[in-house]
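Working notes, structure below.
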Amino acid sequence: MPAAGTEENKIKETTTIIMGTDGTNISSSGGVAKDDKDVKKEDEKIGRFSYKVKNFTKISKEKKRYYTDWFEILNHKWRLLIFPHGNNGVDDLSIYLDAEVKPNSAPRCARFTIEIVNQIQSAESIRREALHKFQAEETDWGFTHFMRLAQLYDPRSGFIKDDRIEINIEVESLKEIPPGGLSGYHYYNYDSKKETGFVGLKNQGATCYMNSLLQALFHIPSFRKSVYTLPTDKEIPTQSVQLALQRIFYSLQFGSTGVGTKELTQSFGWTAIDSFTQHDVQELNRVLMDNLETKMKGTKAEGTVEKLFQGKITNFIKCMNIDFESNREEAFFDLSLNVKGCKDIYASFDTYTEVEILDGTNKYHAEGHGLQAAKKGCTFSQIPPVLHLQLKRFEYDPYKDAMVKVNDKYEFPQVLDLTKYMDTEVDTKTDPPIYNLHGVLVHSGDVHGGHYYAFIRPSVKPNWFKFDDDRVTVATDAQAIDDNFGGEEEYCYISQGRKMTTTHKKFSNAYMLVYLRASRVTDILADIPETEIPSHLKERFNQELIDQESKRKEKEEAHLFMTLKIATDKDLAKHHKSDLIRWDAVQCLKVRKTSSLKDIRKDVIAPSLGVPFERQRFWTWVSRQNKTTRPDTLITAIEEDLPIENVAKKMPDLKLYMEISPLPPSPSTSNSVSDSSSQTSSITSSALSSSSCFAPIHDDDVLIFFKYYDPFSETLTYVGHQMVKASMKITNMTGMMCAMARIPPSSHLLVFEEVKPTMIDPIKPQYTLREGEISNGDIIVYQTQVDVSNSANINLPTAVDYYDHILNRILVKFRRLDQPKKTAFVLDLNKKMLFDQVTAKVAARVGTDPGKIRLTGHNTNHDQPKTSSFRRAERLSLNDMLSLYYQPATDILFYEALDVPVSEIENKRLMKIAYHNSNTTLQEQLQFLLPRDALVRDVISTVKDMVKGEGDFRLLEIWNYKIHKIPNPTDGINVLNDYAQQRVEAISPEELSMSDGHFRVPMVHFYRDFTTVQSYGVPFYFVIEEGETGKQVKSRVSMKLALPEEDVLKWKLAIVSFGIPEYIGDNDVVLKKPLETNEYIGLEHQDHLPPRHHGVRPHHVEKPIKIYN
């Protein structure tokens, strides 16, 4: 880069213009000159560039991701990676800085800033800063949530002008990462334990909020010590919250790498979906404390939660004119403090304890004295040693009908003095309520999500550490405290030789604070020596470390060994289903790949299985085209001398069938079952097994496996194997088969071949095995023939029926619909069963009428019931109910035992009605059943009866936050759309008294999303008088909605037609004629960001946190 600077110390900038292939105009600056002695040094450290992306709208439509051209700064090449519509489905612009890093080159440390320029108001430009070590493993870094897409694409915002955006970048080269570097740094190969002495917690997907809380609790040693004392020696980690927490605390205290939390979330009863759902850290703290407090009862730890975290507030009402006072004391475990409108934590406490005057219509009813003017307030009678303060960063915005995050600046001190807020009767001199800041839990992001991390001071020393999931770094006081006040931060930059200053909002700020009472700090933070940890915990964890080391060593040597699975007749006899074996139930032997089978037989198999060497003969299992595996090929003496890996033929494991000779044969004994004709055949020595107890195998010998089916007990039993001549007929084998099954020799047999689980073919008795195409490894199934007409209790008379049964058999877990996480019972059913057969089984199990059983499917994605139940009229099979649409098959169904027959309910329609008063306020959500031939007026009259309403009511259909239609009261309810919201409301008096010159119009709340109108909130009907101005209408709207007039006057009125708004000024006449059918009056809330898209819920309003164990 050229040097910058002159003797007159003028600011000088060297600029290079680079034209991108898509018309991008890039301006690159090599540095800014300052004093002569600093010029060269500054130029070596900092480089700046800016560029304009033209045709940005076209780029955003055509490309999901967009790379700029490479440009050179500080003698290195860089480019930007932009996701115009967000990365991974976020509603924010995502932008990253990408470095050209060649393999094996040195890492490049840099602090960089990215700024998107507001081309109308430069002070509104948005700037983000990060620090990263760019290397081959991580060449890009930046911001997934840079700014809201709606804000970027809003033509009034000023970020896009003449269809272009301007981006400024500054890169500062660093020799190394400073201690406690910025939160954006990735720390490749960073060792938290080595650098800080602490380890972090692994993030399961969206559990950063839990990790922050667990670190805060772990670093309160007195609490940790109590958790250690809980009795858990006989418990299982995934089923015991206290044991899982003990294991986490122990690993954090003595471990050297990041600690997993899956056992803990499993002990909560959570699924994988719960681990990918972000929740509120304060809510988790309360639920976890409640759970632990219950588990601590009756143990040495009883009372710990109360002693450490419980405070008490005295609520008082004191009459002003008489001597009467009412006091009520209540406990708290954390305090929620207002942020909005408060500059610091003391202002919040002032608000919290502010005295309210009860007078006028709000006087207090004093018992025995009637209504009296009074003062109402609260004081603190006890503040706990560990004080948790939750800062109310999220609040409901009634205009948006959504939650918003409060990013206002809010200061909190390192030392907090709460003396002035204590009850006057509390002695504050002996033990003053002075607190030291111990932890700062930070939320970075907005209301739709973000990231949690924590700053903690683990000891009495003034050293802060940042705990960001599995990474722990050293932090400064400023990073832990000042940087998390929120508000705005100032950004200085050079533009056209002039120093400029701008500000932008900080989206990372403190969300929860942990203070420790100064007089108790030493006790609370006292170290826990290993000797005070229960021995069973240490023994358990130490054994796990030994096991982990053993597994590590085993993994290192895994390439030298292979797995040998050997099945014998004993294993086959344990299998009562199709095929011969379940390999997961067979013993596995770990053998060296270079060992021969002969050596393995002597040194491993004989001692481990107890079978002498000479009585062993081995066959390899062969996979057939019909997806079955059968013993097929005898291992020869030559193959037994080869390395076992050669026999396995590059397979990761070798599966063998070991044939065991019962007794050494005499020289005249044949190895196979033969018919009356003597058949002999020569065989080469290479085909012989080296086993001395087995006679040679001839070309006509076939290894057959036999199963016997008993239709009376419905059991299928493996009865053995035989070496049989292929020329033998089935009729000549029946005596042997009866003996194997231990049934009378005169029994009449039905014989089948099990080709595969879905193909059980009968074998003709007069056929020879060769004619029946029976070969090595085939399975013959036989049974005695039964007379079904005289055996009413036989459900599966033939082996074919039995195989069909086991193919479709399934154990179904049934859960009560009102207890969707708990299995009530399990039934052994058949997938071919119809709906009525299944309900009959369930009814018999729960003791009710089958007609009153209603079944609901299982949503496998969320482990919850489906939204609608199965209809009896659909006549579904069990298989249909377990395999719904696109989701994976399940083995769970939900049931209800109703008070009335299901058929009666199915002949009715469930109505879900939102009842609103005449001021559009939602009063109640109602549900009730009506006959399917009911009319709309029946719906209205039912609602009136339920709410005890008077006057005129109507039903509205709401679609996409707009009034879709007003169904005629005489219409049938079949005209109502299942996917629209049905709303019944009281008709306002002004509508009922309308006269000429008045118009009833639909009103809709909306915001501008890019260039389109997006409706939201609660639409309503409103009466406008002809000639009324915009200001007059808004004033009356504020009265109808019971909102402050000054707020509603900020809204914009518009007549919206086909999504295009025509704005109406405050002094303009709103209506001169009735609206067209496609038109409505829109209320634009331009002073607020748009709400979250419909159907997507921010993390703080997800389903409540629940710990099930």
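Residue numbers start at 1 in each chain; chains themselves are named A, B, ... in the order of the structure tokens; ligands are numbered from 1 in the order shown.
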How would you write, as JSON, numbers by chain, the set of residues in segment 967-1063 of chain A that DSSP gives as alpha helix (DSSP H)? {"A": [989, 990, 991, 992, 1030, 1031, 1032, 1033, 1034, 1035, 1036, 1037, 1038, 1039, 1040, 1041, 1045, 1046, 1047, 1048]}
Can you pull out the residues contacting Pro820 of chain A? Cut-off 8 Å, using only C-alpha atoms, and skip same-chain residues under 5 positions away; I want them as a count of residues only. 4
For Ala897 of chain A, the nearest of the candidates A:Val842, A:Leu1053, A:His862, A:Thr942, counting only C-alpha atoms: A:Val842
Excluding Ala454 of chain A and its own-chain neighbours fewer than 2 positions away, which residues fall within 8 Å of it when counting only C-alpha atoms? Please give them as a CSV table (one decimal) with N, CA and C atoms, in the first residue's frame.
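As a result, selection_23.csv now contains:
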chain,number,residue,atom,x,y,z
A,212,SER,N,-25.9,-20.8,30.2
A,212,SER,CA,-25.5,-19.6,30.9
A,212,SER,C,-26.0,-19.7,32.4
A,215,GLN,N,-23.9,-22.3,34.4
A,215,GLN,CA,-22.6,-21.8,34.8
A,215,GLN,C,-22.8,-20.8,36.0
A,216,ALA,N,-23.8,-20.0,35.9
A,216,ALA,CA,-24.1,-19.1,37.1
A,216,ALA,C,-24.3,-19.9,38.4
A,439,GLY,N,-22.4,-12.0,38.6
A,439,GLY,CA,-22.6,-12.5,37.2
A,439,GLY,C,-23.5,-11.6,36.4
A,440,VAL,N,-23.3,-11.6,35.1
A,440,VAL,CA,-24.1,-10.9,34.1
A,440,VAL,C,-24.4,-11.8,33.0
A,441,LEU,N,-25.7,-12.2,32.9
A,441,LEU,CA,-26.2,-13.1,31.8
A,441,LEU,C,-26.7,-12.2,30.7
A,442,VAL,N,-26.1,-12.3,29.5
A,442,VAL,CA,-26.4,-11.4,28.4
A,442,VAL,C,-27.2,-12.1,27.3
A,452,TYR,N,-27.4,-16.4,24.2
A,452,TYR,CA,-27.1,-16.1,25.6
A,452,TYR,C,-25.7,-16.5,25.9
A,456,ILE,N,-18.9,-14.0,34.5
A,456,ILE,CA,-19.0,-14.4,35.9
A,456,ILE,C,-17.7,-14.1,36.5
A,466,LYS,N,-15.7,-14.9,30.6
A,466,LYS,CA,-16.8,-15.0,29.7
A,466,LYS,C,-17.1,-16.4,29.4
A,467,PHE,N,-18.3,-16.9,29.7
A,467,PHE,CA,-18.7,-18.3,29.5
A,467,PHE,C,-19.7,-18.3,28.3
A,468,ASP,N,-19.2,-18.7,27.1
A,468,ASP,CA,-20.0,-18.7,25.9
A,468,ASP,C,-20.0,-20.1,25.4
To test your reading of the structure, identify every residue in segment 1017-1054 of chain A that backbone DSSP assigns to strand (DSSP E or B), and report it as a PyMOL selection string. chain A and resi 1017-1025+1029+1052-1054
Coordinates-based distance that separates atom CA of Val622 of chain A from atom CA of Ser596 of chain A (Å, one decimal): 20.4 Å
For segment 867-884 of chain A, find every residue with an atom within 12 Å (counting only C-alpha atoms), except residues of its own chain fewer than 3 positions away, and show them as a ChimeraX atom specification. /A:808-814,817,828-839,841,850-862,864,887-896,901-908,910
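Residue neighbourhood of Asn88 of chain A, excluding near-sequence residues (fewer than 3 positions): A:Lys64, A:Arg65, A:Phe83, A:Pro84, A:His85, A:Asp91, A:Asp92, A:Leu93, A:Ser94, A:Thr144, A:His145, at 12 Å, using only C-alpha atoms.
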Counting only C-alpha atoms, figure out which residue out of A:Tyr802, A:Phe380, A:Phe71, A:Phe309 gets nearest to Glu329 of chain A. A:Phe380
